[in-house]
Amino acid sequence: MYSLYQNFLYISSIIAILLSIFVFIKNKKSQISFNFLSLSLSIFILLFSYAQMSGTYNLDIAFIWAKIGFIGIAFFPLSVFLFIFTFIDIKLKKSQYLLLVIPVLFFICLAIFSDLVIKEVAPNSWGIYPHAGKLYILFIGYSILMILFPIYNSYKYIQNNEVTSIKKQKVIYMMLVYLLSLVLFLFDNLFFYDIFVFEPILYLTTLFCLVSITIIISSYNLTNVKVTLIKFLIFIFMLFLVLILSNYILVSSTNIYISNFLSFMLTIGCFLVYKKVIIKTEEVLLAQNRHYQNLLIHAASGMAKEHNLERLLKLIAIIVLKTIKVSFVAIFLENKQEQNFEIKILRSFSNKTSELMFSYDYEHPFVNFVRHKEAPFLFDEMPQYIAHSVILPFRAALVVPSFFEGVKGFMVIGEKNNKDIFTRDDISIFKMLARQTSLAMENCLFFDEYKQAQEKIFTAEKLASIGGLAEGIAHQIRNRLNQFSMISGELKYEIKDFKESNKNVIDSNTKLTNTFNYIDELSESLKNNVEKTDDVIKGILDYAKIESRYRMFEVFQLKEIVDLSYDLLKVKHRLSKKLKIISHFEDHDVFFGIKSQMMEVVYNLMDNAYEAIDEKFSMLKKDEQLKFVPKIDIFLIKKEKTNVFKISDNGIGIKEENVSKIFIPFFTTKASSKSGTGIGMYIVKRMVVENHNGKVWLESTYMHGTDIIIELPNI
């Protein structure tokens, strides 16, 4: 019989080493892994030595192996002490390490060189086993203190509100495991006093400790602590019931076969009772979890009915926030143009974070980690350096990736308000919810794309009709415009010649002078309006031909196109010297793009800037006009992959309700007396976005000015 017990000890010692290797490989750089390794080695020494002791018939050799095995026993409490302190982030000094090692060495020396700790070894029904010496009781007291003291510190550690829920749960599980291990450790030590007649459960005690700690270190999907605590108490009760009754049966029975059969039946019966009690306990304690899980399933099934993406995201956030009662919910969606994941919804019970907007680009370590995860995972599963790179207004607990059916995004969920952890069942529910929300979001995106497509078709048809008419009517209109231009020019020259040849007559007659001046103004106005009308036609024709225009990318100096645009601006508006054009770039700074199109873009933006300044100037009082300094600032910011071009003015600005309409075709904020056609900014956007694969946006404050920012890819 003892040979079977010996095999159990060998197998358990090998498992102890394998578990330490597994933990060490998974967390090579962690101090916890090294402490777990020392714990596993102490258990390996104990189990292997006792296996050797049980398998020999020579009591002297067995006594030597018993002393070697005690080395493992002596280091077990110290290993537990160091492991727990490392786990709860308490660092010890070298002097403290020395004080902890001295008692261990003291007991080992007593065991090796005297019989005060291990008096002898004696054969039993299962094999040879040690008997305790006079001072062994001191070692038991020392072991209790070495395990209870760090458990007490663990209890203080979990009172800290800065500790995450997952870490708290892990510490609680660890406390329960070591409390049970301590009880079983003391129970095993009673065999040293020859109290029981059945086999020691030493290998089960040590394996329970190692396997449980391995799960706590390596796994994050832990069960509810309340359920675990109840299971723990029921397990302890059943275990001691089986051990006590089995011992009573073995002592009372005269037939070993009948006693073994009764012990076996008792074990099976207790296991069945334990299983039923556990099922009922889970139903009672997890009733609230089951309730909100069912609510989530029901809510997920109805999400497909929502066709508006913004409303859908709000619905998802509110359902999760109110149903599970978590601190916050944040939903990120991919923005392919910006190459990042933008936060679309951020909801919390405080409602103080709804205006916060931030994003994580594709290269962010958090995004890389999320993109490689197919299932929801706990935030604490991420490596520390990634977790520290995530900036959120609340402590995150769960991340739910959603990369199903082409929709890319993820949801970050805060801790539960009752500080419970997210269980395996919760994660399974969120995995299903992620798929349902992905399908619902894809549905919303489809409807949005459908609406955008309809709008594009409508706009394209309208613009196509303009483009088709433009060529046909341009010739006819320009013929008339040429006639008007010639008439106004001839009229001006005729007036000029008449004034020069009849200067005395005109100067002597005030009415005649005023009449000729008025006619001169009319001819000038006619000429200006002809030019403005020609600009309108040119803009329409340019837009109609934008797709067929010859495109040639080249490197050119920014100063060149700014100077040319300024020259055209001076001709068009007869600029005064008071306007300041301030260039915030070097003369040799270059740009990469289609020169003709960028020339048109820069001129258009400078023209808009000047007209905004002129409009603001006309609205100022006379004393304010004297102080007002009109200026246009032009910036060039060079980045690694892009060039950012910005034109800033201190003009009238744009009202908040009109900012989103600026790039819409045929929308203009200019007065009817100005030359606003409403397609200039739309053409600018198409040239930048479609032809240069860039970005354009604006920032404006009414009565303070406008910034137009263009970002173009670098060479």
# chains A, B, ... in the order shown; residues from 1 in each chain; ligands from 1
$ select_by_dssp --residues "range 551-678 of chain A" --states "strand (DSSP E or B)" --output "PyMOL selection string"
chain A and resi 553-557+580-584+590-594+631-638+642-649
$ residues_around --residues "range 174-176 of chain A" --least-positions-apart "4" --cutoff "10 Å" --atoms "only C-alpha atoms" --output "number ranges by chain"
A: 84, 87, 147-148, 150-152, 154-155, 168-170, 180-182, 209, 212-213, 216-217, 225, 228-229, 232-233
$ residues_around --residues "range 185-192 of chain A" --least-positions-apart "6" --cutoff "9 Å" --atoms "only C-alpha atoms" --output "PyMOL selection string"
chain A and resi 118+129-133+140+144+199-202+205-206
$ residues_around --residues "Val602 in chain A" --least-positions-apart "4" --cutoff "12 Å" --atoms "only C-alpha atoms" --output "VMD selection string"
chain A and resid 558 to 566 568 to 569 595 to 598 606 to 609 634 to 635 645 to 648 680 to 681 683 to 685 687 to 688 708 to 710
$ write_last_selection --atoms "C-alpha atoms" --output "PDB file, in the first residue's frame"
ATOM      1  CA  LEU A 558       5.644  77.944 -50.543  1.00  0.00           C
ATOM      2  CA  LYS A 559       6.835  81.563 -50.738  1.00  0.00           C
ATOM      3  CA  GLU A 560       6.340  81.528 -54.498  1.00  0.00           C
ATOM      4  CA  ILE A 561       2.635  80.703 -54.429  1.00  0.00           C
ATOM      5  CA  VAL A 562       2.008  82.992 -51.432  1.00  0.00           C
ATOM      6  CA  ASP A 563       3.646  85.935 -53.256  1.00  0.00           C
ATOM      7  CA  LEU A 564       1.664  85.239 -56.452  1.00  0.00           C
ATOM      8  CA  SER A 565      -1.576  84.985 -54.464  1.00  0.00           C
ATOM      9  CA  TYR A 566      -0.800  88.271 -52.725  1.00  0.00           C
ATOM     10  CA  LEU A 568      -3.528  88.820 -57.382  1.00  0.00           C
ATOM     11  CA  LEU A 569      -5.124  89.955 -54.125  1.00  0.00           C
ATOM     12  CA  LYS A 595       1.344  73.568 -57.939  1.00  0.00           C
ATOM     13  CA  SER A 596      -1.549  74.995 -59.969  1.00  0.00           C
ATOM     14  CA  GLN A 597      -4.132  73.631 -57.553  1.00  0.00           C
ATOM     15  CA  MET A 598      -2.252  74.718 -54.434  1.00  0.00           C
ATOM     16  CA  MET A 606      -6.215  84.586 -48.668  1.00  0.00           C
ATOM     17  CA  ASP A 607      -9.086  86.169 -50.601  1.00  0.00           C
ATOM     18  CA  ASN A 608     -11.598  84.894 -48.047  1.00  0.00           C
ATOM     19  CA  ALA A 609      -9.365  86.101 -45.207  1.00  0.00           C
ATOM     20  CA  ILE A 634       0.627  82.218 -42.819  1.00  0.00           C
ATOM     21  CA  PHE A 635       2.239  79.246 -41.059  1.00  0.00           C
ATOM     22  CA  PHE A 645      -0.239  74.813 -43.711  1.00  0.00           C
ATOM     23  CA  LYS A 646      -2.334  77.372 -41.806  1.00  0.00           C
ATOM     24  CA  ILE A 647      -3.792  80.756 -42.742  1.00  0.00           C
ATOM     25  CA  SER A 648      -5.063  82.852 -39.838  1.00  0.00           C
ATOM     26  CA  GLY A 680     -14.757  78.233 -53.413  1.00  0.00           C
ATOM     27  CA  MET A 681     -14.304  76.381 -50.114  1.00  0.00           C
ATOM     28  CA  ILE A 683     -13.405  73.246 -54.364  1.00  0.00           C
ATOM     29  CA  VAL A 684     -10.598  73.832 -51.846  1.00  0.00           C
ATOM     30  CA  LYS A 685     -11.714  70.787 -49.863  1.00  0.00           C
ATOM     31  CA  MET A 687      -8.493  69.671 -54.140  1.00  0.00           C
ATOM     32  CA  VAL A 688      -6.935  68.989 -50.731  1.00  0.00           C
ATOM     33  CA  ILE A 708      -7.899  77.433 -41.932  1.00  0.00           C
ATOM     34  CA  ILE A 709      -5.620  74.408 -41.478  1.00  0.00           C
ATOM     35  CA  ILE A 710      -4.470  72.147 -44.311  1.00  0.00           C
TER      36      ILE A 710
END
$ residues_around --residues "Val399 in chain A" --least-positions-apart "4" --cutoff "9 Å" --atoms "only C-alpha atoms" --output "ChimeraX atom specification"
/A:370,375-379,410-414
$ atom_distance --atom1 "CA of Asp60 in chain A" --atom2 "CA of Ala122 in chain A"
10.4 Å
$ atom_distance --atom1 "CA of Gln96 in chain A" --atom2 "CA of Ser42 in chain A"
20.3 Å
$ residues_around --residues "range 67-71 of chain A" --least-positions-apart "6" --cutoff "8 Å" --atoms "only C-alpha atoms" --output "ChimeraX atom specification"
/A:42,45-50,108,111-112,118
$ write_last_selection --atoms "C-alpha atoms" --output "PDB file, in the first residue's frame"
ATOM      1  CA  SER A  42      10.523  23.911  -0.831  1.00  0.00           C
ATOM      2  CA  ILE A  45      12.203  18.982  -1.469  1.00  0.00           C
ATOM      3  CA  LEU A  46       9.523  17.987   1.015  1.00  0.00           C
ATOM      4  CA  LEU A  47       7.583  15.665  -1.306  1.00  0.00           C
ATOM      5  CA  PHE A  48      10.592  14.067  -2.999  1.00  0.00           C
ATOM      6  CA  SER A  49      12.348  13.403   0.339  1.00  0.00           C
ATOM      7  CA  TYR A  50       9.207  11.883   1.860  1.00  0.00           C
ATOM      8  CA  ILE A 108      17.006  23.207  10.210  1.00  0.00           C
ATOM      9  CA  ALA A 111      16.554  18.962  12.862  1.00  0.00           C
ATOM     10  CA  ILE A 112      19.885  17.891  11.372  1.00  0.00           C
ATOM     11  CA  ILE A 118      12.434  15.150  14.533  1.00  0.00           C
TER      12      ILE A 118
END
$ residues_around --residues "Ile88 in chain A" --least-positions-apart "5" --cutoff "9 Å" --atoms "only C-alpha atoms" --output "ChimeraX atom specification"
/A:83,153-154,157-158,167,171
$ closest_atom_pairs --of "range 373-409 of chain A" --to "range 327-339 of chain A" --cutoff "12 Å" --atoms "only C-alpha atoms" --output "tab-separated table"
residue	atom	partner	partner_atom	distance
A:Ile391	CA	A:Ala330	CA	11.9
A:Leu392	CA	A:Ala330	CA	9.1
A:Pro393	CA	A:Phe328	CA	8.9
A:Phe394	CA	A:Phe328	CA	7.1
A:Arg395	CA	A:Ser327	CA	8.2
A:Ala396	CA	A:Phe328	CA	8.2
A:Ala397	CA	A:Ser327	CA	9.6
A:Leu398	CA	A:Val329	CA	9.7
A:Val399	CA	A:Ala330	CA	9.6
A:Val400	CA	A:Ile331	CA	9.4
A:Pro401	CA	A:Phe332	CA	9.6
A:Ser402	CA	A:Leu333	CA	9.2
A:Phe403	CA	A:Glu334	CA	10.1
A:Gly406	CA	A:Glu334	CA	10.7
A:Val407	CA	A:Glu334	CA	8.2
A:Lys408	CA	A:Glu334	CA	5.7
A:Gly409	CA	A:Leu333	CA	4.2
